[in-house]
file structure-v1.txt (compact mmCIF, C-alpha atoms and all ligand atoms)
# COMPACT_ATOMS: atom_id res chain seq x y z
CA MET V 1278 60.56 -20.40 -27.10
CA ALA V 1279 59.41 -21.41 -23.61
CA MET V 1280 61.27 -19.63 -20.82
CA GLU V 1281 61.99 -22.98 -19.16
CA LEU V 1282 64.35 -23.98 -21.99
CA LYS V 1283 66.58 -21.01 -21.16
CA LYS V 1284 67.07 -22.09 -17.57
CA PHE V 1285 70.83 -22.70 -17.92
CA VAL V 1286 71.82 -20.44 -20.82
CA ASP V 1287 70.20 -17.72 -22.90
CA PHE V 1288 71.04 -17.58 -26.62
CA ASP V 1289 69.36 -14.17 -26.88
CA ASN V 1290 72.26 -12.49 -25.12
CA LEU V 1291 73.78 -10.71 -28.13
CA THR V 1292 76.54 -8.97 -26.19
CA ASN V 1293 78.09 -12.39 -25.53
CA ALA V 1294 77.16 -13.72 -28.94
CA PHE V 1295 79.08 -11.17 -30.97
CA ALA V 1296 81.77 -10.22 -28.48
CA ALA V 1297 84.49 -11.55 -30.80
CA ARG V 1298 83.30 -9.62 -33.87
CA THR V 1299 84.33 -6.07 -34.73
CA ASP V 1300 81.88 -3.59 -36.26
CA GLU V 1301 83.56 -4.14 -39.62
CA ALA V 1302 83.27 -7.94 -39.34
CA LEU V 1303 79.57 -7.58 -38.53
CA LYS V 1304 79.06 -5.31 -41.53
CA LYS V 1305 80.63 -7.92 -43.83
CA ALA V 1306 78.62 -10.75 -42.27
CA ASN V 1307 75.50 -8.66 -42.78
CA PHE V 1308 76.31 -8.33 -46.48
CA VAL V 1309 77.01 -12.05 -47.03
CA PHE V 1310 73.97 -13.27 -45.11
CA SER V 1311 71.73 -10.71 -46.88
CA THR V 1312 72.98 -11.97 -50.25
CA MET V 1313 72.32 -15.57 -49.23
CA GLN V 1314 68.69 -14.75 -48.50
CA SER V 1315 67.93 -15.24 -52.17
CA PRO V 1316 67.89 -18.90 -53.32
CA THR V 1317 68.30 -17.69 -56.91
CA LEU V 1318 71.40 -15.67 -56.04
CA VAL V 1319 72.84 -18.63 -54.14
CA LYS V 1320 72.19 -20.98 -57.07
CA VAL V 1321 73.62 -18.65 -59.69
CA GLY V 1322 76.45 -17.52 -57.40
CA SER V 1323 77.48 -21.12 -56.63
CA GLN V 1324 77.64 -22.01 -60.32
CA LEU V 1325 79.48 -18.81 -61.14
CA MET V 1326 81.98 -19.38 -58.34
CA GLU V 1327 82.82 -22.89 -59.58
CA PHE V 1328 82.90 -21.88 -63.22
CA SER V 1329 85.06 -18.76 -62.68
CA LEU V 1330 87.64 -20.64 -60.63
CA ASN V 1331 87.73 -23.52 -63.10
CA VAL V 1332 88.43 -21.25 -66.07
CA GLY V 1333 90.84 -19.08 -64.07
CA LEU V 1334 88.83 -15.85 -63.81
CA PRO V 1335 90.26 -13.55 -61.09
CA VAL V 1336 87.49 -14.02 -58.54
CA LYS V 1337 89.53 -15.45 -55.68
CA GLY V 1338 89.94 -12.05 -54.03
CA LEU V 1339 86.21 -11.43 -54.07
CA ILE V 1340 85.38 -14.91 -52.73
CA LYS V 1341 88.03 -14.54 -50.02
CA LYS V 1342 86.78 -11.16 -48.84
CA THR V 1343 83.17 -12.33 -48.61
CA ILE V 1344 81.96 -15.90 -48.12
CA PHE V 1345 85.40 -17.48 -47.56
CA ASN V 1346 86.41 -15.17 -44.72
CA LEU V 1347 83.02 -15.62 -43.09
CA PHE V 1348 83.04 -19.43 -43.07
CA CYS V 1349 86.75 -20.38 -43.20
CA GLY V 1350 89.64 -19.69 -40.84
CA GLY V 1351 92.23 -19.23 -43.58
CA GLU V 1352 93.96 -20.84 -46.52
CA THR V 1353 96.59 -22.59 -44.37
CA LEU V 1354 96.88 -23.95 -40.86
CA ASP V 1355 99.01 -20.98 -39.80
CA GLY V 1356 96.49 -18.68 -41.43
CA CYS V 1357 93.84 -19.91 -38.95
CA GLN V 1358 95.73 -18.66 -35.91
CA ARG V 1359 93.89 -15.36 -35.69
CA ALA V 1360 90.49 -17.02 -35.88
CA THR V 1361 91.36 -19.63 -33.26
CA ASN V 1362 92.85 -17.04 -30.91
CA GLN V 1363 89.66 -15.05 -31.16
CA LEU V 1364 87.60 -18.09 -30.22
CA ALA V 1365 89.96 -19.13 -27.42
CA ALA V 1366 89.68 -15.67 -25.85
CA PHE V 1367 86.05 -16.57 -25.13
CA ASN V 1368 86.69 -20.19 -24.10
CA VAL V 1369 85.49 -21.56 -27.42
CA GLY V 1370 87.70 -24.30 -28.83
CA ALA V 1371 88.63 -24.79 -32.48
CA ILE V 1372 88.73 -27.88 -34.61
CA TYR V 1373 90.99 -27.43 -37.59
CA ASP V 1374 89.15 -28.94 -40.50
CA TYR V 1375 91.17 -29.26 -43.70
CA SER V 1376 88.28 -28.82 -46.09
CA VAL V 1377 89.69 -30.07 -49.32
CA GLU V 1378 87.11 -32.21 -51.08
CA GLY V 1379 86.95 -34.16 -54.32
CA GLU V 1380 90.63 -35.18 -54.29
CA LYS V 1381 91.23 -37.91 -56.88
CA SER V 1382 94.88 -39.01 -56.89
CA GLU V 1383 96.88 -41.19 -54.51
CA GLU V 1384 99.41 -38.35 -54.13
CA GLY V 1385 96.54 -36.02 -53.26
CA PHE V 1386 95.23 -38.47 -50.62
CA ASP V 1387 98.72 -38.78 -49.11
CA ALA V 1388 99.13 -35.00 -49.07
CA THR V 1389 95.76 -34.62 -47.32
CA THR V 1390 96.80 -37.25 -44.76
CA GLU V 1391 99.98 -35.28 -44.01
CA GLU V 1392 97.95 -32.10 -43.57
CA ILE V 1393 95.52 -33.82 -41.18
CA LEU V 1394 98.49 -35.11 -39.17
CA LYS V 1395 99.63 -31.49 -38.87
CA THR V 1396 96.21 -30.47 -37.53
CA ILE V 1397 96.57 -33.14 -34.85
CA GLU V 1398 100.05 -31.93 -33.89
CA ARG V 1399 98.63 -28.41 -33.67
CA ALA V 1400 95.54 -29.47 -31.69
CA GLY V 1401 97.85 -31.30 -29.28
CA GLN V 1402 99.29 -27.91 -28.32
CA PHE V 1403 95.91 -26.62 -27.16
CA GLU V 1404 95.35 -26.74 -23.49
CA PHE V 1405 91.68 -26.95 -23.02
CA ILE V 1406 90.08 -28.53 -26.08
CA ARG V 1407 91.88 -30.96 -28.33
CA PHE V 1408 89.97 -32.14 -31.39
CA SER V 1409 90.56 -32.73 -35.07
CA ALA V 1410 88.19 -33.74 -37.88
CA PHE V 1411 88.36 -35.14 -41.37
CA LYS V 1412 86.38 -36.67 -44.19
CA VAL V 1413 87.29 -40.10 -45.54
CA THR V 1414 86.71 -38.78 -49.09
CA GLY V 1415 89.81 -36.64 -48.53
CA LEU V 1416 91.81 -39.88 -48.26
CA ALA V 1417 89.99 -42.24 -50.64
CA HIS V 1418 88.50 -42.21 -54.08
CA PHE V 1419 84.73 -41.64 -53.97
CA ASP V 1420 84.11 -44.32 -56.63
CA LEU V 1421 86.08 -46.88 -54.63
CA LEU V 1422 83.98 -46.17 -51.54
CA THR V 1423 80.79 -46.39 -53.63
CA LYS V 1424 81.84 -49.76 -54.97
CA ILE V 1425 82.65 -51.14 -51.53
CA HIS V 1426 79.37 -49.84 -50.15
CA ALA V 1427 77.49 -51.58 -52.96
CA GLY V 1428 79.27 -54.85 -52.15
CA GLU V 1429 80.89 -55.09 -55.59
CA LYS V 1430 83.97 -57.26 -56.09
CA LEU V 1431 87.21 -55.27 -55.97
CA SER V 1432 90.14 -55.77 -58.33
CA LYS V 1433 93.62 -56.42 -56.86
CA GLU V 1434 94.53 -52.73 -57.36
CA GLU V 1435 91.33 -51.61 -55.67
CA GLN V 1436 91.95 -53.90 -52.73
CA ALA V 1437 95.43 -52.40 -52.39
CA ALA V 1438 93.98 -48.90 -52.64
CA TYR V 1439 91.48 -49.70 -49.89
CA ALA V 1440 94.24 -51.08 -47.67
CA ARG V 1441 96.07 -47.75 -48.15
CA VAL V 1442 92.95 -45.88 -47.02
CA HIS V 1443 92.90 -47.99 -43.84
CA ASP V 1444 96.61 -47.20 -43.32
CA ARG V 1445 96.07 -43.47 -43.76
CA VAL V 1446 93.24 -43.41 -41.23
CA ASP V 1447 95.24 -45.61 -38.86
CA ARG V 1448 98.23 -43.24 -39.00
CA ILE V 1449 95.93 -40.33 -38.16
CA CYS V 1450 94.31 -42.17 -35.25
CA ALA V 1451 97.64 -43.47 -33.90
CA LEU V 1452 99.03 -39.93 -33.77
CA ALA V 1453 95.79 -38.73 -32.18
CA LYS V 1454 96.19 -41.34 -29.46
CA LYS V 1455 99.81 -40.32 -28.90
CA MET V 1456 98.90 -36.62 -28.70
CA ASP V 1457 95.65 -37.24 -26.81
CA VAL V 1458 93.62 -35.45 -29.48
CA SER V 1459 90.08 -36.60 -30.27
CA VAL V 1460 89.23 -37.24 -33.91
CA LEU V 1461 85.84 -36.76 -35.51
CA ILE V 1462 85.32 -38.79 -38.68
CA ASP V 1463 82.65 -36.95 -40.64
CA ALA V 1464 79.68 -38.63 -42.31
CA GLU V 1465 78.99 -37.96 -45.97
CA GLU V 1466 76.64 -39.47 -48.58
CA THR V 1467 74.87 -42.64 -47.40
CA TRP V 1468 75.95 -44.55 -50.51
CA ILE V 1469 79.59 -44.52 -49.36
CA GLN V 1470 78.86 -45.02 -45.66
CA LYS V 1471 79.56 -48.77 -45.24
CA PRO V 1472 83.35 -48.53 -45.69
CA ILE V 1473 83.41 -45.38 -43.51
CA THR V 1474 81.54 -47.32 -40.82
CA GLU V 1475 83.86 -50.29 -41.17
CA ILE V 1476 87.00 -48.15 -40.86
CA THR V 1477 85.66 -45.96 -38.02
CA VAL V 1478 84.46 -48.91 -35.96
CA ALA V 1479 87.85 -50.61 -36.41
CA MET V 1480 89.58 -47.43 -35.20
CA MET V 1481 87.26 -47.03 -32.21
CA ALA V 1482 87.86 -50.66 -31.23
CA LYS V 1483 91.61 -50.10 -31.47
CA TYR V 1484 91.98 -46.64 -29.90
CA ASN V 1485 88.92 -46.05 -27.69
CA THR V 1486 89.95 -48.50 -24.99
CA GLU V 1487 90.27 -45.92 -22.21
CA LYS V 1488 88.00 -43.14 -23.46
CA ALA V 1489 86.14 -42.01 -26.55
CA LEU V 1490 88.94 -40.64 -28.73
CA ILE V 1491 87.72 -41.52 -32.22
CA TYR V 1492 84.17 -40.41 -33.03
CA TYR V 1493 81.71 -41.92 -35.50
CA THR V 1494 79.20 -39.49 -37.06
CA PHE V 1495 75.49 -40.32 -36.86
CA GLN V 1496 73.29 -38.42 -39.34
CA MET V 1497 69.96 -38.32 -37.55
CA TYR V 1498 68.10 -37.30 -40.73
CA CYS V 1499 68.34 -40.98 -41.71
CA HIS V 1500 65.32 -42.84 -40.37
CA ALA V 1501 67.46 -45.84 -39.38
CA MET V 1502 70.04 -43.82 -37.43
CA LEU V 1503 68.65 -43.89 -33.87
CA ALA V 1504 68.56 -47.70 -34.02
CA HIS V 1505 72.07 -47.66 -35.49
CA LEU V 1506 73.30 -45.52 -32.57
CA LYS V 1507 71.95 -48.06 -30.07
CA GLU V 1508 73.33 -50.94 -32.13
CA LEU V 1509 76.85 -49.45 -32.18
CA HIS V 1510 76.61 -48.71 -28.47
CA LEU V 1511 75.86 -52.39 -27.88
CA HIS V 1512 78.72 -53.36 -30.21
CA SER V 1513 81.10 -51.13 -28.24
CA LYS V 1514 80.06 -52.74 -24.95
CA GLU V 1515 80.41 -56.25 -26.34
CA ASN V 1516 83.82 -55.47 -27.79
CA GLY V 1517 85.27 -53.49 -24.91
CA TYR V 1518 85.65 -50.00 -26.34
CA ARG V 1519 84.01 -46.59 -25.74
CA LEU V 1520 81.66 -45.27 -28.40
CA GLY V 1521 82.54 -41.81 -29.71
CA ALA V 1522 79.24 -40.41 -30.99
CA LYS V 1523 79.11 -37.26 -33.04
CA LEU V 1524 75.47 -36.47 -33.71
CA VAL V 1525 74.38 -34.20 -36.55
CA ARG V 1526 71.17 -33.89 -38.53
CA GLY V 1527 72.83 -34.35 -41.95
CA ALA V 1528 73.88 -32.11 -44.82
CA TYR V 1529 73.09 -34.02 -48.02
CA MET V 1530 69.31 -34.26 -47.90
CA GLU V 1531 68.53 -33.06 -51.42
CA LYS V 1532 71.26 -35.24 -52.98
CA GLU V 1533 69.99 -38.26 -51.06
CA ALA V 1534 66.40 -37.76 -52.20
CA ALA V 1535 67.41 -37.15 -55.82
CA ARG V 1536 69.60 -40.27 -56.01
CA ALA V 1537 67.02 -42.49 -54.31
CA GLU V 1538 64.37 -41.32 -56.75
CA ALA V 1539 66.59 -41.63 -59.82
CA MET V 1540 67.71 -45.14 -58.87
CA GLY V 1541 64.37 -46.32 -57.51
CA TYR V 1542 65.25 -47.20 -53.93
CA GLU V 1543 63.71 -46.04 -50.66
CA ASN V 1544 64.87 -42.58 -49.59
CA PRO V 1545 66.94 -43.09 -46.41
CA ILE V 1546 65.91 -39.65 -45.10
CA GLN V 1547 63.24 -39.17 -42.44
CA PRO V 1548 59.73 -38.34 -43.65
CA SER V 1549 59.78 -34.87 -42.05
CA LYS V 1550 61.90 -32.26 -40.32
CA GLU V 1551 60.02 -33.03 -37.10
CA ALA V 1552 61.09 -36.69 -37.31
CA THR V 1553 64.73 -35.60 -37.76
CA ASP V 1554 64.45 -33.19 -34.83
CA ARG V 1555 62.85 -35.85 -32.62
CA ASP V 1556 65.56 -38.44 -33.35
CA PHE V 1557 68.39 -35.93 -32.93
CA ASP V 1558 67.08 -35.01 -29.47
CA LEU V 1559 66.38 -38.62 -28.51
CA GLY V 1560 69.90 -39.46 -29.68
CA THR V 1561 71.64 -36.81 -27.57
CA LYS V 1562 69.53 -37.81 -24.56
CA TYR V 1563 70.42 -41.48 -25.09
CA CYS V 1564 74.14 -40.63 -25.18
CA ILE V 1565 73.97 -38.53 -22.03
CA GLU V 1566 71.99 -41.24 -20.26
CA HIS V 1567 74.80 -43.69 -21.11
CA ILE V 1568 77.65 -41.21 -20.80
CA HIS V 1569 79.79 -43.60 -18.74
CA GLU V 1570 80.15 -45.61 -21.98
CA ILE V 1571 79.86 -42.91 -24.66
CA GLY V 1572 81.55 -39.63 -25.61
CA LEU V 1573 79.08 -37.15 -27.14
CA PHE V 1574 79.81 -34.42 -29.65
CA ALA V 1575 76.56 -32.69 -30.65
CA GLY V 1576 77.03 -30.71 -33.87
CA SER V 1577 74.03 -28.46 -34.35
CA HIS V 1578 72.83 -24.91 -34.89
CA ASN V 1579 69.36 -25.75 -33.71
CA GLU V 1580 68.59 -23.65 -30.62
CA LYS V 1581 66.08 -26.05 -29.10
CA SER V 1582 68.37 -29.08 -29.49
CA ASN V 1583 71.22 -27.20 -27.81
CA TYR V 1584 68.98 -25.99 -24.99
CA LEU V 1585 67.71 -29.55 -24.47
CA ILE V 1586 71.25 -30.87 -24.02
CA THR V 1587 71.84 -28.36 -21.22
CA HIS V 1588 68.74 -29.85 -19.55
CA TYR V 1589 69.81 -33.47 -20.11
CA LEU V 1590 73.11 -32.71 -18.38
CA GLU V 1591 71.19 -31.42 -15.39
CA GLU V 1592 68.70 -34.30 -15.48
CA PHE V 1593 71.46 -36.91 -15.32
CA GLY V 1594 73.44 -35.02 -12.69
CA LEU V 1595 76.43 -34.12 -14.87
CA PRO V 1596 78.49 -30.93 -14.59
CA ARG V 1597 78.23 -28.39 -17.40
CA ASN V 1598 81.83 -28.99 -18.43
CA ASP V 1599 81.70 -32.80 -18.27
CA HIS V 1600 84.69 -33.91 -20.33
CA ARG V 1601 82.54 -36.40 -22.26
CA VAL V 1602 80.03 -33.89 -23.64
CA TYR V 1603 80.83 -31.28 -26.30
CA PHE V 1604 78.69 -28.83 -28.21
CA GLY V 1605 79.86 -28.02 -31.74
CA GLN V 1606 79.03 -25.36 -34.30
CA LEU V 1607 80.63 -24.24 -37.55
CA PHE V 1608 82.87 -21.19 -37.81
CA GLY V 1609 80.87 -18.15 -38.92
CA MET V 1610 77.54 -19.59 -37.88
CA SER V 1611 75.39 -19.47 -34.75
CA ASP V 1612 77.84 -17.56 -32.60
CA HIS V 1613 74.89 -16.70 -30.34
CA ILE V 1614 74.74 -20.41 -29.45
CA SER V 1615 78.50 -21.05 -29.20
CA PHE V 1616 79.54 -17.98 -27.24
CA ASN V 1617 76.61 -18.06 -24.83
CA LEU V 1618 77.14 -21.78 -24.12
CA ALA V 1619 80.84 -21.16 -23.47
CA GLU V 1620 80.06 -18.17 -21.25
CA ALA V 1621 77.70 -20.39 -19.23
CA GLY V 1622 80.48 -22.95 -18.70
CA PHE V 1623 79.66 -25.67 -21.26
CA ASN V 1624 82.29 -27.27 -23.56
CA VAL V 1625 82.03 -25.65 -26.99
CA ILE V 1626 84.09 -26.11 -30.12
CA LYS V 1627 83.76 -24.65 -33.57
CA TYR V 1628 84.88 -26.38 -36.77
CA VAL V 1629 87.35 -23.99 -38.38
CA PRO V 1630 87.58 -25.10 -42.01
CA TYR V 1631 90.61 -24.08 -43.99
CA GLY V 1632 92.29 -24.85 -47.31
CA PRO V 1633 93.03 -23.30 -50.69
CA ILE V 1634 90.01 -21.26 -51.80
CA LYS V 1635 89.22 -23.38 -54.85
CA ALA V 1636 89.26 -26.62 -52.87
CA THR V 1637 86.85 -25.30 -50.24
CA ILE V 1638 84.15 -24.36 -52.78
CA PRO V 1639 81.99 -27.50 -52.20
CA TYR V 1640 82.04 -26.71 -48.47
CA LEU V 1641 81.14 -23.06 -49.09
CA ILE V 1642 78.32 -24.04 -51.44
CA ARG V 1643 76.86 -26.37 -48.79
CA ARG V 1644 76.96 -23.50 -46.28
CA ALA V 1645 75.37 -21.09 -48.76
CA ASN V 1646 72.59 -23.57 -49.55
CA GLU V 1647 71.97 -24.22 -45.88
CA ASN V 1648 71.64 -20.49 -45.36
CA THR V 1649 69.10 -19.55 -48.01
CA SER V 1650 65.85 -18.10 -46.78
CA VAL V 1651 64.00 -21.30 -47.77
CA LYS V 1652 65.74 -23.17 -44.97
CA GLY V 1653 65.39 -20.28 -42.55
CA GLN V 1654 68.91 -20.32 -41.10
CA SER V 1655 70.22 -17.08 -42.61
CA GLY V 1656 67.03 -15.28 -41.63
CA ARG V 1657 67.94 -15.94 -38.04
CA GLU V 1658 71.63 -15.05 -38.46
CA LEU V 1659 70.69 -11.87 -40.27
CA THR V 1660 68.12 -10.80 -37.69
CA LEU V 1661 70.67 -11.29 -34.91
CA ILE V 1662 73.43 -9.45 -36.77
CA ARG V 1663 71.10 -6.53 -37.52
CA LYS V 1664 69.92 -6.37 -33.91
CA GLU V 1665 73.52 -6.31 -32.67
CA ARG V 1666 74.54 -3.62 -35.17
CA ALA V 1667 71.55 -1.52 -34.08
CA ARG V 1668 72.46 -2.09 -30.43
CA ARG V 1669 76.05 -0.94 -31.03
CA LYS V 1670 74.89 2.12 -32.97
CA GLY V 1671 72.56 2.95 -30.07
CA LEU V 1672 75.44 2.66 -27.62
CA LYS V 1673 77.59 5.00 -29.70
CA LYS V 1674 74.81 7.59 -29.95
CA GLY V 1675 74.03 7.29 -26.24
C1 LIG S 1 79.99 -29.01 -35.83
C2 LIG S 1 79.21 -29.57 -36.98
C3 LIG S 1 79.70 -30.69 -37.66
C4 LIG S 1 78.99 -31.20 -38.75
N1 LIG S 1 79.42 -32.36 -39.38
C5 LIG S 1 78.65 -32.95 -40.33
C6 LIG S 1 78.99 -34.22 -40.89
O1 LIG S 1 80.00 -34.83 -40.54
N2 LIG S 1 78.16 -34.73 -41.83
C7 LIG S 1 77.00 -34.11 -42.23
O2 LIG S 1 76.27 -34.65 -43.07
N3 LIG S 1 76.69 -32.90 -41.73
C8 LIG S 1 77.46 -32.32 -40.80
N4 LIG S 1 77.07 -31.11 -40.27
C9 LIG S 1 75.93 -30.36 -40.85
C10 LIG S 1 74.62 -30.81 -40.22
O3 LIG S 1 74.36 -32.14 -40.60
C11 LIG S 1 73.40 -29.98 -40.64
O4 LIG S 1 73.29 -29.94 -42.04
C12 LIG S 1 73.41 -28.56 -40.15
O5 LIG S 1 74.05 -28.42 -38.93
C13 LIG S 1 71.98 -28.06 -40.02
O6 LIG S 1 71.28 -28.77 -39.03
P1 LIG S 1 71.07 -28.21 -37.53
O7 LIG S 1 71.12 -29.32 -36.55
O8 LIG S 1 72.06 -27.17 -37.34
O9 LIG S 1 69.61 -27.66 -37.40
P2 LIG S 1 68.38 -27.22 -38.25
O10 LIG S 1 68.73 -26.03 -39.05
O11 LIG S 1 67.25 -27.16 -37.32
O12 LIG S 1 68.09 -28.46 -39.21
C14 LIG S 1 68.29 -28.46 -40.57
C15 LIG S 1 68.50 -29.92 -40.92
O13 LIG S 1 67.33 -30.69 -40.65
C16 LIG S 1 67.19 -31.72 -41.60
N5 LIG S 1 65.95 -31.51 -42.34
C17 LIG S 1 65.50 -30.33 -42.88
N6 LIG S 1 64.34 -30.50 -43.53
C18 LIG S 1 64.02 -31.82 -43.40
C19 LIG S 1 62.95 -32.62 -43.87
N7 LIG S 1 61.96 -32.11 -44.59
N8 LIG S 1 62.94 -33.93 -43.57
C20 LIG S 1 63.95 -34.48 -42.84
N9 LIG S 1 65.00 -33.78 -42.36
C21 LIG S 1 65.03 -32.47 -42.64
C22 LIG S 1 68.41 -31.63 -42.51
O14 LIG S 1 69.41 -32.47 -41.98
C23 LIG S 1 68.84 -30.17 -42.39
O15 LIG S 1 70.20 -29.97 -42.65
C24 LIG S 1 77.78 -30.58 -39.18
C25 LIG S 1 77.30 -29.47 -38.49
C26 LIG S 1 77.98 -28.97 -37.39
C27 LIG S 1 77.42 -27.79 -36.69
call {"tool": "encode", "arguments": {"input": "structure-v1.txt", "output": "structure tokens"}}
result
Amino acid sequence: MAMELKKFVDFDNLTNAFAARTDEALKKANFVFSTMQSPTLVKVGSQLMEFSLNVGLPVKGLIKKTIFNLFCGGETLDGCQRATNQLAAFNVGAIYDYSVEGEKSEEGFDATTEEILKTIERAGQFEFIRFSAFKVTGLAHFDLLTKIHAGEKLSKEEQAAYARVHDRVDRICALAKKMDVSVLIDAEETWIQKPITEITVAMMAKYNTEKALIYYTFQMYCHAMLAHLKELHLHSKENGYRLGAKLVRGAYMEKEAARAEAMGYENPIQPSKEATDRDFDLGTKYCIEHIHEIGLFAGSHNEKSNYLITHYLEEFGLPRNDHRVYFGQLFGMSDHISFNLAEAGFNVIKYVPYGPIKATIPYLIRRANENTSVKGQSGRELTLIRKERARRKGLKKG
């Protein structure tokens, strides 16, 4: 990587990167990331994990001690306290992310809403970074969202169910406004995106009158997303609200390609990784260029993209800790990016997912898949962890 990129921060500083992790924690992370190097192990392990929990085999303890503890803060909100304190000690914020997915009942959706409200109350107690995040599929039936996206006619019951989804999101956003906590509404599969867009835009128009409080997620792996970002920016200007823009690359690439092929429509995903990278970076630059009208949350583990944002801030004359620009990573991943950015004075937050072990399995499987050696991510994590362990051993010997 060119030296110039590291002008404002250096992700190779491992002392900062792993300052929050004990030797024991590094040893465990080493084990989990080594295991995830094998795509076959990840595939078999994911199926085994789901199957064992579904039939009640006693594997919770094992999952908790390994992959769960690495990627999740705890099973409850209170259980996340240790993880968030550890981050806060190094000026890294935490976003409590109740990671229960695949909920199917109205009671379940209401219970998830209550839990998200609690995360907002809790985030409101933080002094320096106040964010919360959720997925609409935690509050709405997936099939209902699919139907709305496809433009199908809804029955009376379905219309009522959709109105309840709006109400749930509105309650969350109203509390967020009251507590001055920003809310990130995650993006999921593209074939449920239209209702998520409709709801999120309605919330931004209602609550983002003074600043970007509610954030829409742009998945830059979609080839239409850069244009969509500019279109929503224009919409926000015309309708008198601030655009909250959370930019990510996107986590459902394989599913998207498989569905598009099976159903015979054009794959919405970019033709190449380079095209995704280009649009992600153009997107963050666009937001920073228009920062007086946009709040940016850049969620990425890509070193170059994170370095580039530090340069865009400089280019447009903004301070490192501008209150409209946040860097975000996931708990357990890319600490070398998060902790070095925070040390250099940038605003950094990590998603801290939590929830009952069984309910977080889809999240854990996505992380495991993202970290196989095919995608390259765990290779990097592993190399860094091994380097740091060697460095600490050297220090002890010396
Ligand atoms: C804080 C945070 C919040 C997140 N929230 C969401 C969310 O709400 N919704 C969501 O979907 N994801 C979310 N993600 C996950 C994110 O979308 C990515 O899957 C993940 O971060 C990996 O991308 P990267 O930017 O870290 O970098 P990299 O590891 O450099 O990029 C990997 C990504 O590039 C893209 N890609 C890879 N190969 C190709 C290819 N051949 N063609 C086109 N594109 C390709 C894919 O999106 C892949 O995930 C979040 C991530 C973070 C850190």
call {"tool": "closest_residue", "arguments": {"input": "structure-v1.txt", "among": "V:Ser1611, V:Met1497, V:Met1481, V:Thr1343", "to": "Lys1304 (chain V)", "atoms": "only C-alpha atoms"}}
result
V:Thr1343
call {"tool": "atom_distance", "arguments": {"input": "structure-v1.txt", "atom1": "CA of Gln1606 (chain V)", "atom2": "CA of Ala1410 (chain V)"}}
result
12.9 Å
call {"tool": "axis_aligned_box", "arguments": {"input": "structure-v1.txt", "around": "ligand LIG 1 (chain S)", "padding_each_side": "3 Å", "output": "lines of an AutoDock Vina configuration file"}}
result
center_x = 71.0
center_y = -30.4
center_z = -40.2
size_x = 24.0
size_y = 14.8
size_z = 14.8
call {"tool": "residues_near_ligand", "arguments": {"input": "structure-v1.txt", "ligand": "ligand LIG 1 (chain S)", "cutoff": "7 Å", "atoms": "all atoms listed in the file", "output": "PyMOL selection string"}}
result
chain V and resi 1462-1465+1494+1496+1498+1525-1530+1546-1550+1552-1554+1576-1579+1605-1607+1627-1628+1647+1654
call {"tool": "write_last_selection", "arguments": {"input": "structure-v1.txt", "atoms": "C-alpha atoms", "output": "PDB file, in the frame of the given file"}}
result
ATOM      1  CA  ILE V1462      85.320 -38.790 -38.680  1.00  0.00           C
ATOM      2  CA  ASP V1463      82.650 -36.950 -40.640  1.00  0.00           C
ATOM      3  CA  ALA V1464      79.680 -38.630 -42.310  1.00  0.00           C
ATOM      4  CA  GLU V1465      78.990 -37.960 -45.970  1.00  0.00           C
ATOM      5  CA  THR V1494      79.200 -39.490 -37.060  1.00  0.00           C
ATOM      6  CA  GLN V1496      73.290 -38.420 -39.340  1.00  0.00           C
ATOM      7  CA  TYR V1498      68.100 -37.300 -40.730  1.00  0.00           C
ATOM      8  CA  VAL V1525      74.380 -34.200 -36.550  1.00  0.00           C
ATOM      9  CA  ARG V1526      71.170 -33.890 -38.530  1.00  0.00           C
ATOM     10  CA  GLY V1527      72.830 -34.350 -41.950  1.00  0.00           C
ATOM     11  CA  ALA V1528      73.880 -32.110 -44.820  1.00  0.00           C
ATOM     12  CA  TYR V1529      73.090 -34.020 -48.020  1.00  0.00           C
ATOM     13  CA  MET V1530      69.310 -34.260 -47.900  1.00  0.00           C
ATOM     14  CA  ILE V1546      65.910 -39.650 -45.100  1.00  0.00           C
ATOM     15  CA  GLN V1547      63.240 -39.170 -42.440  1.00  0.00           C
ATOM     16  CA  PRO V1548      59.730 -38.340 -43.650  1.00  0.00           C
ATOM     17  CA  SER V1549      59.780 -34.870 -42.050  1.00  0.00           C
ATOM     18  CA  LYS V1550      61.900 -32.260 -40.320  1.00  0.00           C
ATOM     19  CA  ALA V1552      61.090 -36.690 -37.310  1.00  0.00           C
ATOM     20  CA  THR V1553      64.730 -35.600 -37.760  1.00  0.00           C
ATOM     21  CA  ASP V1554      64.450 -33.190 -34.830  1.00  0.00           C
ATOM     22  CA  GLY V1576      77.030 -30.710 -33.870  1.00  0.00           C
ATOM     23  CA  SER V1577      74.030 -28.460 -34.350  1.00  0.00           C
ATOM     24  CA  HIS V1578      72.830 -24.910 -34.890  1.00  0.00           C
ATOM     25  CA  ASN V1579      69.360 -25.750 -33.710  1.00  0.00           C
ATOM     26  CA  GLY V1605      79.860 -28.020 -31.740  1.00  0.00           C
ATOM     27  CA  GLN V1606      79.030 -25.360 -34.300  1.00  0.00           C
ATOM     28  CA  LEU V1607      80.630 -24.240 -37.550  1.00  0.00           C
ATOM     29  CA  LYS V1627      83.760 -24.650 -33.570  1.00  0.00           C
ATOM     30  CA  TYR V1628      84.880 -26.380 -36.770  1.00  0.00           C
ATOM     31  CA  GLU V1647      71.970 -24.220 -45.880  1.00  0.00           C
ATOM     32  CA  GLN V1654      68.910 -20.320 -41.100  1.00  0.00           C
TER      33      GLN V1654
END
call {"tool": "residues_near_point", "arguments": {"input": "structure-v1.txt", "point": "(96.9, -39.0, -50.5)", "cutoff": "10 Å", "atoms": "all atoms listed in the file", "output": "list in words"}}
result
Glu1380, Lys1381, Ser1382, Glu1383, Glu1384, Gly1385, Phe1386, Asp1387, Ala1388, Thr1389, Thr1390, Glu1391, Glu1392, Gly1415, Leu1416, Ala1417, His1418, Arg1441, Val1442 and Arg1445 of chain V
